[in-house]
Amino acid sequence: MATMEAVRIGIAGATGYAGQELLRLAARHPCARVTAAMGSAAQSAPRVLPRLARQWSGAVTPLSVETLAREADAAFLALPDADSAELAPELLATGVRVFDLSGAFRLRDADLRRRWYPHTPEAEAIEAVYGAPERDRTRLPSARLIACPGCYPTAAVLALHPLVSADLLAGDIVIDAKSGVSGAGKKPTERTHFSECHGNLAAYAIFAHRHAVEIEQELGVPVTFVPHLVPIDRGILETIYSRLRPGATEDDVAAAYEDAYAHAPFVRLTGAALPEIKHVAHTNFCDIGWRVDATTGRIVIVACIDNLVKGAAGQAIQSFNIAFGFDECAGLA
Ligand SMILES: NC(=O)c1ccc[n+]([C@@H]2O[C@H](COP(=O)([O-])OP(=O)(O)OC[C@H]3O[C@@H](n4cnc5c(N)ncnc54)[C@H](OP(=O)(O)O)[C@@H]3O)[C@@H](O)[C@H]2O)c1
């Protein structure tokens with residue numbers, strides 16, 4: 001371990017879905033101490049979080065960059081991307097390491113970033129590291145700004161990257177993704193409030209979702225990405241369709257996954273036993289299962305995560321552990 005001293009953690013957006021999950025994990029982390037937890041400035045009085053009673057006894061205070069800079073070594077931003085885009089450079093300038101859960105700094109292509117995250121200023125100059133712990137671990141210890149992957153891309157890229165890297169896929173890649181409603185954050189909209197989504201299933205943002213661009217950036221190949229909103233509170237299940245290259249076999253698929261994830265404590269390969277959301281809910285696991293039709297060469301992969309843990313707070317803590325030289329599983333077991 002690089003240090004035995006507890007790292008001081010500040011969380012902005014601590015009253016949100018991802019932020020509360022971060023607070024829950026950080027409060028019991030053996031190598032960290034939560035020194036600041038902040039909501040928006042909309043409410044000026046400190047707030048308690050009943051859900052975290054007996055897990056974290058502090059109060060959430062209104063956002064203050066000065067306090068975060070003074071009281072934290074590492075700041076986690078669980079904010080809307082426009083607010084992260086504004087706050088991250090200010091914090092970096094004070095020497096605080098930043099783990100951003102928003103999409104503000106994920107895209108490397110300037111044109112794409114301008115289109116999908118128009119509030120992010122001069123991101124090239126800021127040098128964010130895309131923090132997928134299973135793939136970017138060597139870059140994390142020196143990173144100052146870690147752009148944590150999006151929830152849909154986390155499952156898609158973990159499921160596809162080993163196969164794309166091993167050049168096993170020949171056909172189009174279609175990602176049929178389903179997310180629980182907490183993926184949209186705590187503020188209800190016409191699409192997400194209870195009476196709209198209860199008993200319903202709907203596709204949305206086809207060819208118009210910024211996570212498609214992020215997935216393509218990380219894989220380096222085009223995908224068709226179709227997200228759906230399902231009436232559950234948390235979890236993402238992605239059913240991914242493609243075709244194997246001629247000559248490639250199910251054994252090659254299994255070998256590529258085993259190679260990629262032999263030392264990945266939070267990826268569980270389930271093979272033909274297909275994963276389900278309830279198997280990963282409230283955990284930092286990504287479960288990946290697959291079936292190959294040897295006659296047609298078709299492959300179907302199923303990947304599952306909890307969007308608020310592996311898709312957000314848990315993955316951010318995993319990156320934090322690697323960045324600070326702690327056991328990768330600290331606070332997440
Ligand atoms: N939900 C997921 O599954 C998920 C997964 C991966 C990444 N993310 C990303 O993580 C971020 C947070 O998502 P979420 O789902 O947790 O959102 P959320 O539930 O809507 O929470 C948003 C948080 O940001 C605070 N906030 C809002 N506007 C603010 C402002 N102008 N200044 C300071 N604080 C402000 C809110 O404080 P108040 O309580 O005071 O309003 C709240 O704490 C987003 O960028 C999202 O894209 C979310």
# chains A, B, ... in the order shown; residues from 1 in each chain; ligands from 1
>>> closest_atom_pairs(of="chain A", to="ligand 1", cutoff="8 Å", atoms="only C-alpha atoms and all ligand atoms", output="Markdown table")
| residue | atom | partner | partner_atom_place_in_ligand_line | distance |
| --- | --- | --- | --- | --- |
| A:Ala12 | CA | ligand 1 | 34 (N) | 6.5 |
| A:Gly13 | CA | ligand 1 | 43 (O) | 3.1 |
| A:Ala14 | CA | ligand 1 | 43 (O) | 4.7 |
| A:Thr15 | CA | ligand 1 | 43 (O) | 3.7 |
| A:Gly16 | CA | ligand 1 | 21 (O) | 3.1 |
| A:Tyr17 | CA | ligand 1 | 16 (O) | 3.8 |
| A:Ala18 | CA | ligand 1 | 16 (O) | 3.6 |
| A:Gly19 | CA | ligand 1 | 16 (O) | 5.4 |
| A:Gln20 | CA | ligand 1 | 16 (O) | 7.6 |
| A:Met38 | CA | ligand 1 | 43 (O) | 7.1 |
| A:Gly39 | CA | ligand 1 | 37 (O) | 4.1 |
| A:Ser40 | CA | ligand 1 | 34 (N) | 3.4 |
| A:Ala41 | CA | ligand 1 | 33 (C) | 6.1 |
| A:Ala42 | CA | ligand 1 | 40 (O) | 5.7 |
| A:Gln43 | CA | ligand 1 | 40 (O) | 6.3 |
| A:Pro62 | CA | ligand 1 | 40 (O) | 7.4 |
| A:Leu63 | CA | ligand 1 | 33 (C) | 5.8 |
| A:Leu77 | CA | ligand 1 | 11 (C) | 7.3 |
| A:Ala78 | CA | ligand 1 | 12 (C) | 4.1 |
| A:Leu79 | CA | ligand 1 | 24 (O) | 4.0 |
| A:Pro80 | CA | ligand 1 | 45 (O) | 4.0 |
| A:Asp81 | CA | ligand 1 | 45 (O) | 4.8 |
| A:Ala82 | CA | ligand 1 | 31 (N) | 7.9 |
| A:Asp83 | CA | ligand 1 | 31 (N) | 5.6 |
| A:Ser84 | CA | ligand 1 | 45 (O) | 7.5 |
| A:Asp100 | CA | ligand 1 | 10 (O) | 7.9 |
| A:Leu101 | CA | ligand 1 | 10 (O) | 4.6 |
| A:Ser102 | CA | ligand 1 | 45 (O) | 3.3 |
| A:Gly103 | CA | ligand 1 | 45 (O) | 6.1 |
| A:Ala104 | CA | ligand 1 | 45 (O) | 7.8 |
| A:Cys148 | CA | ligand 1 | 7 (C) | 7.7 |
| A:Pro149 | CA | ligand 1 | 6 (C) | 7.2 |
| A:Gly150 | CA | ligand 1 | 6 (C) | 4.9 |
| A:Cys151 | CA | ligand 1 | 6 (C) | 4.6 |
| A:Ser182 | CA | ligand 1 | 1 (N) | 5.2 |
| A:Gly183 | CA | ligand 1 | 3 (O) | 3.4 |
| A:Ala184 | CA | ligand 1 | 1 (N) | 5.4 |
| A:Gly185 | CA | ligand 1 | 15 (O) | 3.1 |
| A:Lys186 | CA | ligand 1 | 19 (O) | 3.8 |
| A:Lys187 | CA | ligand 1 | 20 (O) | 5.4 |
| A:Arg234 | CA | ligand 1 | 3 (O) | 7.7 |
| A:Asn307 | CA | ligand 1 | 3 (O) | 4.5 |
| A:Leu308 | CA | ligand 1 | 3 (O) | 4.7 |
| A:Gly311 | CA | ligand 1 | 5 (C) | 5.2 |
| A:Ala312 | CA | ligand 1 | 6 (C) | 4.1 |
| A:Ala313 | CA | ligand 1 | 6 (C) | 7.5 |
>>> select_by_dssp(residues="range 55-208 of chain A", states="helix (DSSP H, G or I)", output="ChimeraX atom specification")
/A:65-71,81-93,110-116,123-126,137-139,151-165,181-184,194-197
>>> residues_around(residues="range 65-76 of chain A", least_positions_apart="4", cutoff="7 Å", atoms="only C-alpha atoms", output="PDB file with C-alpha atoms, in the first residue's frame")
ATOM      1  CA  VAL A   7      -7.529   9.523   2.681  1.00  0.00           C
ATOM      2  CA  ARG A   8      -9.944  12.393   3.279  1.00  0.00           C
ATOM      3  CA  ILE A   9     -12.922  12.049   0.977  1.00  0.00           C
ATOM      4  CA  GLY A  10     -15.384  14.740  -0.047  1.00  0.00           C
ATOM      5  CA  ILE A  11     -18.568  13.939  -1.945  1.00  0.00           C
ATOM      6  CA  ALA A  12     -20.461  16.495  -4.009  1.00  0.00           C
ATOM      7  CA  THR A  35     -14.813  14.770   5.671  1.00  0.00           C
ATOM      8  CA  ALA A  36     -17.397  16.513   3.516  1.00  0.00           C
ATOM      9  CA  LEU A  91     -10.752  21.434  -7.572  1.00  0.00           C
ATOM     10  CA  THR A  94      -6.243  23.284  -5.622  1.00  0.00           C
ATOM     11  CA  VAL A  96      -7.507  17.716  -4.959  1.00  0.00           C
ATOM     12  CA  ARG A  97      -7.801  14.494  -6.951  1.00  0.00           C
ATOM     13  CA  VAL A  98     -11.175  14.236  -8.645  1.00  0.00           C
ATOM     14  CA  PHE A  99     -13.305  11.183  -9.383  1.00  0.00           C
ATOM     15  CA  ASP A 100     -16.084  12.381 -11.652  1.00  0.00           C
TER      16      ASP A 100
END
>>> residues_around(residues="range 268-285 of chain A", least_positions_apart="6", cutoff="6 Å", atoms="only C-alpha atoms", output="PyMOL selection string")
chain A and resi 235+291+304-306+309-310+314
>>> select_by_dssp(residues="range 29-127 of chain A", states="strand (DSSP E)", output="PyMOL selection string")
chain A and resi 32-39+61-62+74-77+97-100
>>> closest_atom_pairs(of="range 105-205 of chain A", to="range 248-259 of chain A", cutoff="7 Å", atoms="only C-alpha atoms", output="CSV")
residue,atom,partner,partner_atom,distance
A:Pro162,CA,A:Ala256,CA,5.7
A:Leu163,CA,A:Ala256,CA,6.3
A:Ala166,CA,A:Ala256,CA,6.7
A:Leu168,CA,A:Ala248,CA,6.3
>>> atom_distance(atom1="CA of Gly171 in chain A", atom2="CA of Arg135 in chain A")
24.0 Å
>>> atom_distance(atom1="CA of Arg113 in chain A", atom2="CA of Glu21 in chain A")
27.2 Å
